[in-house]
Amino acid sequence: MTASPPLSLRAEALVCRRGGRTVFTDVSLAVAPGAALLVTGPNGAGKSSLLKLLAGTLRPEAGVIERPERIAYLGHDNALKPVLTVAENLLFWAGLGAPSRREALARAEAAAAAVGIAPLWDVPARLLSSGQKRRTALARVLASNAALWLLDEPTVGLDAASVERLGPVFARHRAGGGMIVATSHTPLPLGDADVLELGGRA
Amino acid sequence: MHRFANPARFLRIARAVQPWTAAAMAVAFAVGLYYALVASPIDYLQRDTVRIMYVHVPAAWMALGAYSTIAIASLVSIVWRHPLADVCARAAAPIGAVFTAICLITGSFWGKPTWGTWWQWDARMTSVLVLLFVYLGYMALWSAFDDRQRAARAASILALVGAINLPIIKFSVDWWNTLHQPASVFRRGGPTIHPDMLVPLLVMALAYLLFFVTTLLMRMRAELAAQRLEVAAERRALALEGAE
Amino acid sequence: MSGGVFTLVGRELALVWAERGGGAIALIFFVIVGSLFPFAVGPEPQVLLRIAPGIIWVSALLACLLSLERLFQPDAEDGTLEQLVVSGQSLESVAVAKMIAHWLTTALPLVILTPIMAAMLNAPVEVWGTLLLGLLLGTPALSAIGSVAAALTVGVRRGGVLISLLVLPLAVPTLIFGVGVSDPLAGASALKWLAATTLLALAVSPFAAAAGLRAAME
């Protein structure tokens, strides 16, 4: 297979089964570079499961997914090690995707500044508030340099000012050709975004 | 693959076949036990105690046979995701464990007159003991999860890992045994077994096999029925929540 | 991505280091269990001398089991496992990294402490060398088998007990051959089979553990 990885995200006729239960069937979507998609629906509709399918951590029962090569995912958990500092947490993840340590450091520092946690650079994650932890996780997404961002309830625990600060972050990502797929119970400063509504339980 | 590979068809076949295997089993046991307990010759050294061999040896064979069934079913489960394969593997495990226990207990009774003790750590008995532990671990893994699908996946991986390991365990126990007991304790009707003893042994083995198949079918049917009950209960819960 | 495994191992070591003392528990357990045997069978040097390799091996095996429950659990709980997958790390790499980290932080310290245990149990000095060699060759198999059991049981209540139940039968060959290395007559044969068993365990375990992790994530 010598085809280069796709630039956009595409999914067709996805069927999701978890724990023996069919969560949803026949879900299709397409997100072009620079676009954003908001996934809505009642609890249990499978919004989180859809994001996991798109991230590749869950395999669909049926259907096709074409995803770009570099993906960043933000789930319900922040994936922060309490005993490590913000810097150590961010540098590990940035380092996995960056070509050099210097590049990883630059990305991590820029990301931390963009979400407003630069002052907490050397603070162990266990001392952070839940909002600060969430922002650190968002910084990880930002520092990953990934084309596709999959964000599951990204603003949980964030105050209004922090949420607003994300607006330019999302806009810059999209302007650079990045894509965002997000779920949220509260309004997100995504800009103009398509909406995908997942049905509730039949 | 076929997501719900028609358990209805399997259930129909099982219900039809089961009485026949049960009947054949009864006949095989009748014939086998007659030969084993009455008509076959006594051993030169062990006299009548050798008759336990007819109960003990087929149990060992079936203990391994049941595990092979589990291993093959687990492979099918992993490669083809056939749901009946999981049902088969789970159903076979307790039967295999019981065969293993029978093998150990009858082995103990068989050995007592010769050894003088209730237990000897000889190679075969020790291997069978470890096999029992493997069975128990496998069954415990099935029971450890609320999510049945996850349990099935974990159990099938364990079964295959165990299958790779069993020959190694047997080999290492044999090796260990020659290290600590250079003279073997006694031979259990080794490779040159007289036809008068071989035929009843094979008949008993057939009876055990038919017992395994019959019980397996019964347990699979029971498991599938339990699953249907659970699905129905889940639907009721979902319907109630939808109405609220 | 071998760079991946190296990086992952580095992180595991950094986390253990930051925990300060968590890794020492297995070491203490090793010594305590080994010390139980003289209480149980009597302190006669002749008795202990005969069974010292066995005592050390059993104590090492049990001590290795201790940290297995927490091998994958924290990463599964806090979303790190998902992140590793999304970042392009294969689950096999994750499993290998955990095995290596477990061996370095749990098994290797035990091995280093073995001469002290051997002295306590009156094992003759000639045996010390074979004991060390056997443990060095055999403990990787214990880490490998242990991580398979840990991966299969991620998130299970009381997983630790279940892990022990699963690991112990599978560890019998390693135990037999490992102790056998110290046997004056069969040492060479045991060494050969120990190496083979460990190699097989190392070859198979990453795939079995990765499959277990995959099942846990669904």
# chains A, B, ... in the order shown; residues from 1 in each chain; ligands from 1

call {"tool": "select_by_dssp", "arguments": {"residues": "region 27-191 of chain A", "states": "helix (DSSP H, G or I)", "output": "PyMOL selection string"}}
result
chain A and resi 47-55+86-97+101-115+118-120+125-127+130-143+160-175

call {"tool": "interface_residues", "arguments": {"of": "chain C", "to": "chain A", "cutoff": "6 Å", "atoms": "only C-alpha atoms", "output": "VMD selection string"}}
result
chain C and resid 78 to 80 218

call {"tool": "residues_around", "arguments": {"residues": "Ile145 (chain C)", "least_positions_apart": "2", "cutoff": "9 Å", "atoms": "only C-alpha atoms", "output": "MDAnalysis selection string"}}
result
chainID C and resid 140:143 147:150 167 170:171 201:202 205 209

call {"tool": "closest_atom_pairs", "arguments": {"of": "chain B", "to": "chain C", "cutoff": "9 Å", "atoms": "only C-alpha atoms", "output": "CSV"}}
result
residue,atom,partner,partner_atom,distance
B:Val130,CA,C:Pro169,CA,5.9
B:Leu131,CA,C:Pro169,CA,7.9
B:Phe133,CA,C:Pro169,CA,6.3
B:Val134,CA,C:Pro169,CA,6.2
B:Leu136,CA,C:Leu165,CA,8.2
B:Gly137,CA,C:Leu166,CA,5.2
B:Tyr138,CA,C:Leu166,CA,7.6
B:Ala140,CA,C:Leu162,CA,7.3
B:Leu141,CA,C:Leu162,CA,7.3
B:Ala144,CA,C:Val156,CA,6.4
B:Phe145,CA,C:Val156,CA,6.7
B:Gln149,CA,C:Ala215,CA,8.6
B:Arg150,CA,C:Ala215,CA,5.9
B:Ala151,CA,C:Ala215,CA,8.7
B:Arg153,CA,C:Ala215,CA,6.2
B:Ala154,CA,C:Leu152,CA,5.4
B:Ala155,CA,C:Leu152,CA,8.2
B:Ile157,CA,C:Ala208,CA,6.5
B:Leu158,CA,C:Leu152,CA,7.8
B:Leu160,CA,C:Ala208,CA,8.9
B:Val161,CA,C:Ala208,CA,7.4
B:Gly162,CA,C:Leu170,CA,7.2
B:Asn165,CA,C:Leu170,CA,6.6
B:Leu166,CA,C:Leu170,CA,8.2
B:Ile168,CA,C:Pro173,CA,6.7
B:Ile169,CA,C:Pro173,CA,5.4
B:Lys170,CA,C:Pro173,CA,8.5
B:Phe171,CA,C:Pro173,CA,8.2
B:Ser172,CA,C:Pro173,CA,5.2
B:Val173,CA,C:Pro173,CA,7.3
B:Trp175,CA,C:Ile176,CA,8.5
B:Trp176,CA,C:Ile176,CA,6.5
B:Leu179,CA,C:Ala186,CA,7.4

call {"tool": "interface_residues", "arguments": {"of": "chain B", "to": "chain A", "cutoff": "9 Å", "atoms": "only C-alpha atoms", "output": "count of residues only"}}
result
7

call {"tool": "atom_distance", "arguments": {"atom1": "CA of Leu15 (chain C)", "atom2": "CA of Leu113 (chain C)"}}
result
22.5 Å

call {"tool": "atom_distance", "arguments": {"atom1": "CA of Ser28 (chain A)", "atom2": "CA of Gly46 (chain A)"}}
result
13.4 Å

call {"tool": "residues_around", "arguments": {"residues": "Gly41 (chain A)", "least_positions_apart": "2", "cutoff": "8 Å", "atoms": "only C-alpha atoms", "output": "CSV table (one decimal) with C-alpha atoms, in the first residue's frame"}}
result
chain,number,residue,atom,x,y,z
A,39,VAL,CA,-21.5,15.5,17.8
A,43,ASN,CA,-26.9,10.3,27.1
A,45,ALA,CA,-26.4,7.7,22.3
A,47,LYS,CA,-21.0,10.1,21.4
A,197,GLU,CA,-27.0,14.2,15.9
A,198,LEU,CA,-26.8,10.7,17.3
A,199,GLY,CA,-30.2,9.2,18.1
A,200,GLY,CA,-31.1,8.1,21.6

call {"tool": "residues_around", "arguments": {"residues": "Trp128 (chain C)", "least_positions_apart": "3", "cutoff": "10 Å", "atoms": "only C-alpha atoms", "output": "number ranges by chain"}}
result
C: 53, 114-119, 123-125, 131-134, 182

call {"tool": "select_by_dssp", "arguments": {"residues": "region 3-101 of chain A", "states": "strand (DSSP E or B)", "output": "PyMOL selection string"}}
result
chain A and resi 9-18+21-31+36-40+62-66+71-74+85

call {"tool": "residues_around", "arguments": {"residues": "Tyr35 (chain B)", "least_positions_apart": "6", "cutoff": "12 Å", "atoms": "only C-alpha atoms", "output": "MDAnalysis selection string"}}
result
chainID B and resid 28:29 41:42 51 54:55 196:204

call {"tool": "residues_around", "arguments": {"residues": "Ile32 (chain C)", "least_positions_apart": "5", "cutoff": "10 Å", "atoms": "only C-alpha atoms", "output": "list in words"}}
result
Ala26, Leu27, Phe37, Ser59 and Ala63 of chain C

call {"tool": "atom_distance", "arguments": {"atom1": "CA of Pro74 (chain C)", "atom2": "CA of Val16 (chain C)"}}
result
12.4 Å
